[in-house]
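To start, the structure under review is shown below, and the notes come after it.
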Amino acid sequence: MFKPLSFYIGLRYTAAKRRNHFISFISLTSMIGLMLGVAVLIIVLSVMNGFDRELKLRILGMVPHAIIEGAGPLENWEAIDAAVEKHPRVLAAAPFIQGQAMVTGGGEVRGVLLNGILPDQERTVSIIEDHMEQGSLDDLKSGEFGIIIGRFLASSLRLQLGDKITVVLPEASVTPAGVLPRLKRFTVKGVFSVGAELDGSYTLIHMDDAAKLMRTDGKAQGIRLLVDDLFAAPRVAEQAAQLLTGRYYVSDWTRTHGNLFQAIRMEKTMIGLLLMFIVAVAAFNIVSTLVMVVTDKTADIAILRTMGATPARIMRIFIVQGAVIGVFGTLVGTVLGIVGALNVSAFISWLEGALGHQFLSADVYFISYLPSQLLWEDVMIISGSGLAMSLLATIYPAWRASRIDPADALRYE
């Protein structure tokens, strides 16, 4: 069976037992280092992708993807709602009234974001119905002045279902008794938990109650949009606003929570670059391995040259030898990384059970488990980078081997 000579000899050199065991040890450590570097990089980036996904699903599932507002309360919000839903990329729309407020209960005071919503429409644009621990959106009835609060807020104010809570608006009302703050007593109708900072500052009331409290004459403040692609939200909101007659203002999640996701993306990039240096160090250990192999095989190279082997063929022999180490280490590392990324969540859960200690507490972090999301584009980039650095590392030792003079090498043999 025909085999290219360079490929055949390179494989023989890789598989052969060397007289110098130190060279074999260095070759093995180079392969293991490359393997571990690739595997760790895939697992770490998958975990960061998992955190990024959880943030998107939880935080951006609660806050609006985009909103459309007018110069004042929207008199014809029903028509605006129907018009924007005609946009092919708008999945749903819902009216809202929003404002800052303070709530008091259990002797404590907290600042919150008060959201007036229509329960039937809110569940089409928000994930809150899936994260209700007590009560439901349907418990918000017009005129009953009920409120739904987050778990952290309920815990800090020591509130339970049915308890009373006072909502204070940062606006004063002039009465015969003097200037008094505008306030209203609400009944806790539900408690939600999305495992994010929203649990301590996000509250929901019926839009009719919000209209009375904020004196909007039953009109909505704006329209909230749910779009098919988060990163297309700014463009979709602009296009949806163009379907309307009149002057409207648009905003989207990149203005309210964009810094959070930019920070996560930058952190992922920086950690990826730092871990890539580990792969680079392991890959360039192949240089020292091949340099010692070339020194050990000087006599063999000289004999091959006297038998007619060209410098290019000698160079290809050692490129093949180094490439085998790099390809094997990268491929095995990729397989280990994929397996690890797919099972790291289950492994951490098992380890927490075995040690009796929870690494991610829901009271501290926004989730209580270690998420992981394997992205194949990350796997391709990491594997491709590992292979490229491995091949680059073979060039210098192979070039040195091709420059060996047969006469000088065999002079003292």
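Going by the structure tokens order, chains are called A, B, ..., each with residues numbered from 1, while ligands are numbered from 1 in the order shown.
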(request) Identify, on the basis of only C-alpha atoms, every residue whose closest approach to Ile165 (chain A) does not exceed 10 Å; exclude the query and any residue fewer than 2 positions from it along the same chain; express the result as a list in words. (result) Val103, Thr104, Gly105, Gly106, Gly146, Ile147, Leu157, Leu159, Gly162, Asp163, Val167, Val168, Lys184, Arg185, Phe186, Thr187 and Val188 of chain A
Store the residues of this selection in a file with all heavy atoms, as a CSV table (one decimal), in the first residue's frame.
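Listing of out-v3.csv after writing:
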chain,number,residue,atom,x,y,z
A,103,VAL,N,-42.4,51.8,49.2
A,103,VAL,CA,-43.4,50.9,49.9
A,103,VAL,C,-42.9,50.8,51.3
A,103,VAL,O,-41.7,50.7,51.6
A,103,VAL,CB,-43.5,49.5,49.2
A,103,VAL,CG1,-44.1,49.7,47.8
A,103,VAL,CG2,-42.1,48.8,49.1
A,104,THR,N,-43.9,50.7,52.2
A,104,THR,CA,-43.6,50.5,53.6
A,104,THR,C,-44.4,49.3,54.2
A,104,THR,O,-45.5,49.1,53.8
A,104,THR,CB,-44.0,51.8,54.4
A,104,THR,OG1,-45.4,52.0,54.3
A,104,THR,CG2,-43.3,53.0,53.9
A,105,GLY,N,-43.7,48.6,55.0
A,105,GLY,CA,-44.3,47.4,55.6
A,105,GLY,C,-43.4,46.8,56.6
A,105,GLY,O,-42.2,46.8,56.4
A,106,GLY,N,-43.9,46.3,57.7
A,106,GLY,CA,-43.1,45.6,58.7
A,106,GLY,C,-42.0,46.6,59.3
A,106,GLY,O,-41.0,46.1,59.7
A,146,GLY,N,-54.8,45.5,44.6
A,146,GLY,CA,-53.9,44.4,45.0
A,146,GLY,C,-52.5,44.6,44.4
A,146,GLY,O,-52.4,45.3,43.4
A,147,ILE,N,-51.5,44.0,44.9
A,147,ILE,CA,-50.1,44.2,44.5
A,147,ILE,C,-49.4,42.8,44.5
A,147,ILE,O,-49.6,42.0,45.4
A,147,ILE,CB,-49.4,45.2,45.3
A,147,ILE,CG1,-48.0,45.6,44.7
A,147,ILE,CG2,-49.2,44.8,46.7
A,147,ILE,CD1,-47.3,46.7,45.4
A,157,LEU,N,-39.5,43.0,53.9
A,157,LEU,CA,-40.6,43.7,54.6
A,157,LEU,C,-41.4,42.8,55.5
A,157,LEU,O,-42.4,43.2,56.1
A,157,LEU,CB,-41.5,44.4,53.6
A,157,LEU,CG,-40.8,45.5,52.7
A,157,LEU,CD1,-41.8,46.1,51.7
A,157,LEU,CD2,-40.2,46.5,53.5
A,159,LEU,N,-43.5,40.3,54.7
A,159,LEU,CA,-44.9,40.3,54.2
A,159,LEU,C,-45.3,38.9,53.7
A,159,LEU,O,-44.5,38.1,53.2
A,159,LEU,CB,-45.0,41.3,53.1
A,159,LEU,CG,-44.8,42.8,53.4
A,159,LEU,CD1,-44.8,43.6,52.1
A,159,LEU,CD2,-45.9,43.3,54.4
A,162,GLY,N,-52.1,38.6,51.6
A,162,GLY,CA,-53.1,39.1,52.5
A,162,GLY,C,-52.7,40.3,53.3
A,162,GLY,O,-53.5,41.0,53.9
A,163,ASP,N,-51.4,40.5,53.5
A,163,ASP,CA,-50.9,41.6,54.3
A,163,ASP,C,-51.1,42.9,53.6
A,163,ASP,O,-51.1,43.0,52.4
A,163,ASP,CB,-49.4,41.4,54.7
A,163,ASP,CG,-49.2,40.3,55.6
A,163,ASP,OD1,-50.2,39.8,56.2
A,163,ASP,OD2,-48.0,39.9,55.8
A,167,VAL,N,-48.1,52.2,49.6
A,167,VAL,CA,-47.4,52.6,48.5
A,167,VAL,C,-47.4,54.2,48.5
A,167,VAL,O,-48.5,54.8,48.6
A,167,VAL,CB,-48.0,52.1,47.2
A,167,VAL,CG1,-47.2,52.8,46.0
A,167,VAL,CG2,-47.9,50.6,47.1
A,168,VAL,N,-46.2,54.8,48.5
A,168,VAL,CA,-46.1,56.2,48.6
A,168,VAL,C,-45.4,56.7,47.3
A,168,VAL,O,-44.3,56.3,47.0
A,168,VAL,CB,-45.2,56.6,49.8
A,168,VAL,CG1,-45.1,58.2,49.9
A,168,VAL,CG2,-45.7,56.0,51.1
A,184,LYS,N,-51.3,55.1,49.2
A,184,LYS,CA,-52.4,54.2,49.1
A,184,LYS,C,-52.1,52.9,49.7
A,184,LYS,O,-51.0,52.4,49.5
A,184,LYS,CB,-52.8,54.1,47.6
A,184,LYS,CG,-54.0,53.2,47.4
A,184,LYS,CD,-55.3,53.8,47.9
A,184,LYS,CE,-56.5,52.9,47.7
A,184,LYS,NZ,-57.7,53.4,48.3
A,185,ARG,N,-53.0,52.3,50.4
A,185,ARG,CA,-52.9,51.0,51.0
A,185,ARG,C,-53.2,49.9,49.9
A,185,ARG,O,-54.2,49.9,49.3
A,185,ARG,CB,-53.7,50.8,52.2
A,185,ARG,CG,-53.4,51.7,53.3
A,185,ARG,CD,-52.2,51.3,54.1
A,185,ARG,NE,-52.6,50.2,55.0
A,185,ARG,CZ,-51.7,49.5,55.8
A,185,ARG,NH1,-50.4,49.9,55.7
A,185,ARG,NH2,-52.1,48.6,56.6
A,186,PHE,N,-52.3,48.9,49.8
A,186,PHE,CA,-52.5,47.8,48.9
A,186,PHE,C,-52.4,46.5,49.6
A,186,PHE,O,-51.9,46.4,50.7
A,186,PHE,CB,-51.4,47.8,47.8
A,186,PHE,CG,-51.6,48.8,46.7
A,186,PHE,CD1,-51.3,50.1,46.8
A,186,PHE,CD2,-52.1,48.3,45.4
A,186,PHE,CE1,-51.5,51.0,45.8
A,186,PHE,CE2,-52.3,49.2,44.4
A,186,PHE,CZ,-52.0,50.6,44.6
A,187,THR,N,-53.1,45.5,49.1
A,187,THR,CA,-53.1,44.1,49.6
A,187,THR,C,-52.2,43.2,48.8
A,187,THR,O,-52.3,43.2,47.6
A,187,THR,CB,-54.5,43.6,49.7
A,187,THR,OG1,-55.3,44.4,50.4
A,187,THR,CG2,-54.5,42.2,50.3
A,188,VAL,N,-51.3,42.5,49.5
A,188,VAL,CA,-50.4,41.6,48.8
A,188,VAL,C,-51.2,40.4,48.2
A,188,VAL,O,-51.8,39.7,49.0
A,188,VAL,CB,-49.3,41.1,49.7
A,188,VAL,CG1,-48.4,40.1,49.0
A,188,VAL,CG2,-48.4,42.3,50.2
Among the residues of region 60-263 of chain A, find those DSSP assigns to strand (DSSP E) from the backbone and print them as a short mmCIF file (atom, residue, chain, number, x, y, z; two decimals) with N, CA, C and O atoms, in the first residue's frame.
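And here's part-v7.cif as it stands now:
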data_model
loop_
_atom_site.label_atom_id
_atom_site.label_comp_id
_atom_site.auth_asym_id
_atom_site.auth_seq_id
_atom_site.Cartn_x
_atom_site.Cartn_y
_atom_site.Cartn_z
N ALA A 66 -38.76 46.25 24.29
CA ALA A 66 -38.84 47.62 23.77
C ALA A 66 -40.16 48.23 24.23
O ALA A 66 -41.12 47.51 24.54
N ILE A 67 -40.19 49.55 24.29
CA ILE A 67 -41.42 50.25 24.66
C ILE A 67 -41.63 51.42 23.71
O ILE A 67 -40.68 51.99 23.16
N ILE A 68 -42.90 51.76 23.51
CA ILE A 68 -43.29 52.92 22.71
C ILE A 68 -44.12 53.83 23.60
O ILE A 68 -45.11 53.40 24.19
N GLU A 69 -43.70 55.10 23.70
CA GLU A 69 -44.39 56.06 24.54
C GLU A 69 -44.69 57.32 23.74
O GLU A 69 -44.03 57.62 22.74
N GLY A 70 -45.68 58.07 24.20
CA GLY A 70 -46.00 59.35 23.61
C GLY A 70 -45.50 60.49 24.48
O GLY A 70 -44.84 60.28 25.51
N ALA A 71 -45.85 61.72 24.09
CA ALA A 71 -45.45 62.87 24.90
C ALA A 71 -46.20 62.88 26.22
O ALA A 71 -45.75 63.48 27.20
N GLY A 72 -47.36 62.22 26.28
CA GLY A 72 -48.15 62.11 27.50
C GLY A 72 -48.86 60.77 27.50
O GLY A 72 -48.53 59.87 26.72
N PRO A 73 -49.85 60.60 28.38
CA PRO A 73 -50.62 59.35 28.39
C PRO A 73 -51.27 59.08 27.04
O PRO A 73 -51.70 60.00 26.34
N LEU A 74 -51.32 57.81 26.66
CA LEU A 74 -51.87 57.42 25.36
C LEU A 74 -53.39 57.28 25.45
O LEU A 74 -53.89 56.38 26.13
N VAL A 90 -42.92 41.56 15.83
CA VAL A 90 -43.48 41.81 17.16
C VAL A 90 -44.38 40.64 17.53
O VAL A 90 -45.40 40.40 16.90
N LEU A 91 -43.98 39.89 18.55
CA LEU A 91 -44.73 38.70 18.95
C LEU A 91 -45.96 39.05 19.78
O LEU A 91 -46.98 38.37 19.70
N ALA A 92 -45.85 40.09 20.59
CA ALA A 92 -46.98 40.50 21.44
C ALA A 92 -46.73 41.92 21.92
O ALA A 92 -45.59 42.41 21.91
N ALA A 93 -47.80 42.57 22.36
CA ALA A 93 -47.71 43.93 22.90
C ALA A 93 -48.70 44.06 24.04
O ALA A 93 -49.74 43.40 24.06
N ALA A 94 -48.39 44.91 25.00
CA ALA A 94 -49.25 45.10 26.17
C ALA A 94 -49.07 46.51 26.70
O ALA A 94 -47.95 47.04 26.71
N PRO A 95 -50.15 47.15 27.18
CA PRO A 95 -50.03 48.50 27.74
C PRO A 95 -49.48 48.45 29.16
O PRO A 95 -49.53 47.42 29.84
N PHE A 96 -48.97 49.58 29.62
CA PHE A 96 -48.45 49.65 30.99
C PHE A 96 -48.47 51.09 31.48
O PHE A 96 -48.51 52.04 30.69
N ILE A 97 -48.45 51.21 32.79
CA ILE A 97 -48.22 52.48 33.47
C ILE A 97 -47.11 52.23 34.48
O ILE A 97 -47.19 51.28 35.27
N GLN A 98 -46.09 53.06 34.46
CA GLN A 98 -44.92 52.77 35.28
C GLN A 98 -44.49 54.02 36.04
O GLN A 98 -44.60 55.15 35.53
N GLY A 99 -44.03 53.82 37.24
CA GLY A 99 -43.55 54.94 38.03
C GLY A 99 -42.75 54.49 39.23
O GLY A 99 -42.83 53.33 39.66
N GLN A 100 -41.94 55.40 39.76
CA GLN A 100 -41.16 55.12 40.97
C GLN A 100 -42.03 55.34 42.20
O GLN A 100 -42.89 56.22 42.22
N ALA A 101 -41.81 54.52 43.21
CA ALA A 101 -42.59 54.65 44.43
C ALA A 101 -41.78 54.09 45.60
O ALA A 101 -40.74 53.46 45.41
N MET A 102 -42.27 54.34 46.79
CA MET A 102 -41.73 53.73 48.00
C MET A 102 -42.82 52.88 48.64
O MET A 102 -44.00 53.24 48.58
N VAL A 103 -42.42 51.77 49.21
CA VAL A 103 -43.38 50.91 49.90
C VAL A 103 -42.93 50.76 51.34
O VAL A 103 -41.73 50.69 51.63
N THR A 104 -43.88 50.70 52.22
CA THR A 104 -43.59 50.54 53.65
C THR A 104 -44.36 49.35 54.18
O THR A 104 -45.52 49.12 53.83
N GLY A 105 -43.71 48.61 55.02
CA GLY A 105 -44.34 47.44 55.63
C GLY A 105 -43.38 46.80 56.60
O GLY A 105 -42.17 46.77 56.36
N GLU A 108 -40.26 48.75 57.69
CA GLU A 108 -39.19 49.00 56.75
C GLU A 108 -39.71 49.80 55.56
O GLU A 108 -40.92 49.80 55.26
N VAL A 109 -38.80 50.49 54.87
CA VAL A 109 -39.15 51.27 53.68
C VAL A 109 -38.22 50.86 52.55
O VAL A 109 -37.01 50.72 52.74
N ARG A 110 -38.80 50.64 51.36
CA ARG A 110 -38.01 50.25 50.19
C ARG A 110 -38.49 51.04 48.97
O ARG A 110 -39.67 51.34 48.83
N GLY A 111 -37.53 51.35 48.10
CA GLY A 111 -37.87 51.96 46.83
C GLY A 111 -38.17 50.88 45.80
O GLY A 111 -37.44 49.88 45.71
N VAL A 112 -39.24 51.07 45.01
CA VAL A 112 -39.64 50.05 44.04
C VAL A 112 -40.02 50.71 42.72
O VAL A 112 -40.23 51.93 42.64
N LEU A 113 -40.11 49.86 41.70
CA LEU A 113 -40.64 50.27 40.41
C LEU A 113 -42.06 49.74 40.32
O LEU A 113 -42.28 48.52 40.30
N LEU A 114 -43.04 50.64 40.27
CA LEU A 114 -44.44 50.27 40.26
C LEU A 114 -44.92 50.14 38.83
O LEU A 114 -44.79 51.06 38.02
N ASN A 115 -45.46 48.96 38.49
CA ASN A 115 -45.90 48.68 37.13
C ASN A 115 -47.39 48.38 37.10
O ASN A 115 -47.83 47.40 37.69
N GLY A 116 -48.14 49.22 36.41
CA GLY A 116 -49.56 48.96 36.20
C GLY A 116 -49.76 48.16 34.92
O GLY A 116 -49.32 48.57 33.85
N ILE A 117 -50.40 47.00 35.05
CA ILE A 117 -50.51 46.08 33.91
C ILE A 117 -51.94 45.54 33.80
O ILE A 117 -52.71 45.61 34.75
N MET A 132 -44.30 32.56 39.54
CA MET A 132 -45.10 32.93 40.70
C MET A 132 -44.96 31.85 41.78
O MET A 132 -45.22 30.68 41.54
N GLU A 133 -44.52 32.25 42.96
CA GLU A 133 -44.44 31.32 44.09
C GLU A 133 -45.76 31.25 44.85
O GLU A 133 -46.13 30.20 45.36
N GLN A 134 -46.45 32.38 44.92
CA GLN A 134 -47.75 32.43 45.59
C GLN A 134 -48.67 33.36 44.78
O GLN A 134 -48.23 34.39 44.29
N GLY A 146 -54.78 45.46 44.63
CA GLY A 146 -53.87 44.37 44.98
C GLY A 146 -52.50 44.61 44.37
O GLY A 146 -52.35 45.35 43.38
N ILE A 147 -51.48 43.99 44.93
CA ILE A 147 -50.12 44.17 44.46
C ILE A 147 -49.38 42.84 44.49
O ILE A 147 -49.61 42.01 45.39
N ILE A 148 -48.53 42.62 43.51
CA ILE A 148 -47.67 41.44 43.45
C ILE A 148 -46.24 41.92 43.63
O ILE A 148 -45.79 42.84 42.94
N ILE A 149 -45.51 41.31 44.55
CA ILE A 149 -44.14 41.74 44.87
C ILE A 149 -43.19 40.57 44.72
O ILE A 149 -43.59 39.41 44.62
N GLY A 150 -41.89 40.89 44.69
CA GLY A 150 -40.86 39.87 44.59
C GLY A 150 -40.54 39.22 45.92
O GLY A 150 -40.86 39.75 47.00
N LYS A 164 -51.12 43.97 54.36
CA LYS A 164 -51.27 45.32 53.81
C LYS A 164 -49.89 45.96 53.62
O LYS A 164 -48.98 45.76 54.42
N ILE A 165 -49.78 46.75 52.57
CA ILE A 165 -48.55 47.45 52.26
C ILE A 165 -48.92 48.85 51.79
O ILE A 165 -49.92 49.04 51.08
N THR A 166 -48.18 49.84 52.21
CA THR A 166 -48.46 51.23 51.84
C THR A 166 -47.54 51.66 50.72
O THR A 166 -46.31 51.53 50.83
N VAL A 167 -48.13 52.15 49.64
CA VAL A 167 -47.37 52.65 48.49
C VAL A 167 -47.38 54.17 48.53
O VAL A 167 -48.45 54.80 48.59
N VAL A 168 -46.20 54.77 48.54
CA VAL A 168 -46.06 56.22 48.62
C VAL A 168 -45.42 56.72 47.33
O VAL A 168 -44.33 56.27 46.95
N LEU A 169 -46.11 57.64 46.65
CA LEU A 169 -45.57 58.23 45.42
C LEU A 169 -44.76 59.47 45.74
O LEU A 169 -45.10 60.22 46.68
N PRO A 170 -43.70 59.73 44.97
CA PRO A 170 -42.88 60.92 45.23
C PRO A 170 -43.53 62.19 44.69
O PRO A 170 -42.89 62.99 44.02
N GLU A 171 -44.83 62.35 44.93
CA GLU A 171 -45.57 63.53 44.51
C GLU A 171 -46.45 63.98 45.67
O GLU A 171 -46.99 63.14 46.42
N ALA A 172 -46.61 65.26 45.81
CA ALA A 172 -47.39 65.79 46.92
C ALA A 172 -48.78 66.20 46.45
O ALA A 172 -48.97 66.61 45.30
N SER A 173 -49.75 66.06 47.34
CA SER A 173 -51.12 66.48 47.07
C SER A 173 -51.48 67.61 48.04
O SER A 173 -51.21 67.51 49.25
N VAL A 174 -52.08 68.67 47.50
CA VAL A 174 -52.47 69.80 48.33
C VAL A 174 -53.88 69.54 48.86
O VAL A 174 -54.83 69.34 48.09
N THR A 175 -54.02 69.49 50.15
CA THR A 175 -55.30 69.23 50.81
C THR A 175 -55.56 70.35 51.82
O THR A 175 -54.65 71.13 52.15
N GLY A 178 -53.11 70.61 54.40
CA GLY A 178 -51.76 70.96 54.01
C GLY A 178 -51.26 70.10 52.87
O GLY A 178 -52.04 69.39 52.21
N VAL A 179 -49.96 70.14 52.61
CA VAL A 179 -49.33 69.36 51.54
C VAL A 179 -48.97 67.98 52.08
O VAL A 179 -48.17 67.86 53.02
N LEU A 180 -49.59 66.97 51.52
CA LEU A 180 -49.37 65.60 51.99
C LEU A 180 -48.88 64.74 50.83
O LEU A 180 -49.25 64.96 49.67
N PRO A 181 -48.05 63.74 51.12
CA PRO A 181 -47.62 62.82 50.05
C PRO A 181 -48.79 61.95 49.58
O PRO A 181 -49.72 61.67 50.36
N ARG A 182 -48.76 61.58 48.34
CA ARG A 182 -49.81 60.72 47.80
C ARG A 182 -49.50 59.27 48.16
O ARG A 182 -48.44 58.76 47.82
N LEU A 183 -50.40 58.62 48.84
CA LEU A 183 -50.16 57.25 49.27
C LEU A 183 -51.45 56.46 49.20
O LEU A 183 -52.55 57.00 49.17
N LYS A 184 -51.30 55.13 49.16
CA LYS A 184 -52.44 54.24 49.05
C LYS A 184 -52.09 52.90 49.68
O LYS A 184 -50.96 52.40 49.53
N ARG A 185 -53.05 52.29 50.36
CA ARG A 185 -52.85 50.98 50.96
C ARG A 185 -53.19 49.91 49.93
O ARG A 185 -54.25 49.95 49.28
N PHE A 186 -52.28 48.93 49.77
CA PHE A 186 -52.48 47.82 48.85
C PHE A 186 -52.45 46.51 49.64
O PHE A 186 -51.86 46.44 50.73
N THR A 187 -53.05 45.48 49.06
CA THR A 187 -53.05 44.14 49.65
C THR A 187 -52.15 43.24 48.82
O THR A 187 -52.26 43.21 47.59
N VAL A 188 -51.28 42.52 49.49
CA VAL A 188 -50.37 41.61 48.78
C VAL A 188 -51.18 40.45 48.21
O VAL A 188 -51.78 39.67 48.96
N LYS A 189 -51.19 40.33 46.88
CA LYS A 189 -51.96 39.28 46.20
C LYS A 189 -51.08 38.15 45.64
O LYS A 189 -51.59 37.10 45.26
N GLY A 190 -49.77 38.38 45.58
CA GLY A 190 -48.90 37.35 45.01
C GLY A 190 -47.44 37.67 45.26
O GLY A 190 -47.06 38.82 45.53
N VAL A 191 -46.61 36.63 45.19
CA VAL A 191 -45.16 36.75 45.36
C VAL A 191 -44.50 35.97 44.23
O VAL A 191 -44.83 34.81 43.99
N PHE A 192 -43.56 36.62 43.54
CA PHE A 192 -42.84 35.96 42.45
C PHE A 192 -41.36 35.88 42.79
O PHE A 192 -40.87 36.59 43.68
N TYR A 202 -39.20 45.11 41.86
CA TYR A 202 -40.21 45.09 40.81
C TYR A 202 -41.55 44.73 41.43
O TYR A 202 -41.68 43.71 42.12
N THR A 203 -42.58 45.55 41.20
CA THR A 203 -43.92 45.29 41.73
C THR A 203 -44.95 45.46 40.62
O THR A 203 -44.73 46.22 39.67
N LEU A 204 -46.06 44.77 40.76
CA LEU A 204 -47.13 44.82 39.76
C LEU A 204 -48.46 45.13 40.42
O LEU A 204 -48.79 44.56 41.47
N ILE A 205 -49.22 46.03 39.78
CA ILE A 205 -50.58 46.31 40.20
C ILE A 205 -51.45 46.36 38.95
O ILE A 205 -50.94 46.36 37.83
N HIS A 206 -52.76 46.38 39.12
CA HIS A 206 -53.65 46.47 37.96
C HIS A 206 -53.53 47.86 37.34
O HIS A 206 -53.37 48.86 38.05
N ALA A 220 -53.07 54.60 29.19
CA ALA A 220 -51.79 53.90 29.36
C ALA A 220 -50.64 54.88 29.16
O ALA A 220 -50.74 55.85 28.40
N GLN A 221 -49.53 54.60 29.82
CA GLN A 221 -48.34 55.42 29.64
C GLN A 221 -47.59 55.03 28.39
O GLN A 221 -46.98 55.87 27.72
N GLY A 222 -47.59 53.75 28.05
CA GLY A 222 -46.87 53.28 26.89
C GLY A 222 -47.27 51.86 26.54
O GLY A 222 -48.10 51.24 27.21
N ILE A 223 -46.65 51.35 25.47
CA ILE A 223 -46.89 50.00 24.99
C ILE A 223 -45.59 49.21 25.08
O ILE A 223 -44.55 49.65 24.58
N ARG A 224 -45.65 48.05 25.72
CA ARG A 224 -44.49 47.17 25.84
C ARG A 224 -44.50 46.15 24.73
O ARG A 224 -45.55 45.57 24.42
N LEU A 225 -43.32 45.90 24.11
CA LEU A 225 -43.23 44.99 22.97
C LEU A 225 -42.40 43.76 23.33
O LEU A 225 -41.40 43.85 24.04
N LEU A 226 -42.83 42.62 22.83
CA LEU A 226 -42.04 41.38 22.87
C LEU A 226 -41.65 41.06 21.43
O LEU A 226 -42.53 40.87 20.58
N VAL A 227 -40.34 41.04 21.14
CA VAL A 227 -39.87 40.83 19.77
C VAL A 227 -39.26 39.45 19.64
O VAL A 227 -38.92 38.79 20.63
N TYR A 249 -42.05 58.10 21.13
CA TYR A 249 -40.68 57.87 21.54
C TYR A 249 -40.49 56.37 21.80
O TYR A 249 -41.37 55.72 22.38
N VAL A 250 -39.36 55.84 21.38
CA VAL A 250 -39.09 54.41 21.56
C VAL A 250 -37.86 54.24 22.45
O VAL A 250 -36.96 55.08 22.48
N SER A 251 -37.86 53.15 23.18
CA SER A 251 -36.72 52.77 24.00
C SER A 251 -36.65 51.25 23.98
O SER A 251 -37.59 50.57 23.56
N ASP A 252 -35.52 50.69 24.40
CA ASP A 252 -35.36 49.23 24.38
C ASP A 252 -34.44 48.81 25.51
O ASP A 252 -33.89 49.64 26.24
#
(request) Would you please work out which residue, of A:Gly258, A:Gly50, A:Gly337, A:Pro64, is nearest to Val38 (chain A) when using only C-alpha atoms? (result) A:Gly337
(request) Mind checking which residues fall within 12 Å of region 312-319 of chain A, counting only C-alpha atoms, ignoring those fewer than 5 positions away in the same chain, and posting them as a count of residues only? (result) 50
(request) Could you jot down the CA of Arg215 (chain A) to CA of Pro119 (chain A) separation for me, Å, one decimal place? (result)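 These atoms are spaced 20.1 Å apart.
Across the model, the gap from CA of Gln121 (chain A) to CA of Asp217 (chain A) is 19.9 Å.
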(message) I'd like the contact shell of region 339-342 of chain A - 12 Å cut-off, only C-alpha atoms, skipping same-chain residues fewer than 3 positions apart - returned as JSON, numbers by chain.
(response) {"A": [36, 38, 39, 40, 41, 42, 43, 44, 45, 46, 47, 48, 49, 50, 332, 333, 334, 335, 336, 345, 346, 347, 348, 370, 371, 372, 373, 374, 375, 376, 378, 379]}
(request) Could you pull out the residues in region 13-251 of chain A that DSSP calls helix (DSSP H, G or I) from the backbone, as a ChimeraX atom specification? (result) /A:13-15,21-62,77-84,119-125,128-131,137-139,151-156,197-200,207-214,230-242
Mind running region 194-304 of chain A against region 53-63 of chain A at 8 Å and telling me each contacting residue's nearest atom pair with the distance in Å (one decimal), counting only C-alpha atoms, chain and number ascending, as a Markdown table?
| residue | atom | partner | partner_atom | distance |
| --- | --- | --- | --- | --- |
| A:Val194 | CA | A:Arg58 | CA | 6.0 |
| A:Gly195 | CA | A:Arg58 | CA | 7.7 |
| A:Ala196 | CA | A:Ile59 | CA | 6.9 |
| A:Leu198 | CA | A:Ile59 | CA | 7.5 |
| A:Trp253 | CA | A:Val63 | CA | 7.5 |
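Every protein, DNA or RNA residue with an atom at most 9 Å from Ala280 (chain A), where only C-alpha atoms count and chain neighbours fewer than 5 positions away do not, is listed here: Leu34, Gly37, Leu275, Asn285, Ser385, Gly386, Met389 and Ser390 of chain A.
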Same residues, C-alpha atoms, output as a compact mmCIF listing (two decimals), in the first residue's frame:
# COMPACT_ATOMS: atom_id res chain seq x y z
CA LEU A 34 -2.84 20.88 25.05
CA GLY A 37 -6.15 23.55 27.90
CA LEU A 275 -7.31 30.66 28.85
CA ASN A 285 5.82 23.03 24.20
CA SER A 385 -6.98 27.76 17.28
CA GLY A 386 -5.40 24.79 19.03
CA MET A 389 -0.94 26.93 17.06
CA SER A 390 0.21 23.29 17.09
(request) Using only C-alpha atoms, pick whichever of A:Glu129, A:Asp228, A:Asp52, A:Asp208 has the shortest atom-to-atom distance to Phe145 (chain A). (result)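 Closest to Phe145 (chain A), using only C-alpha atoms: A:Asp208.
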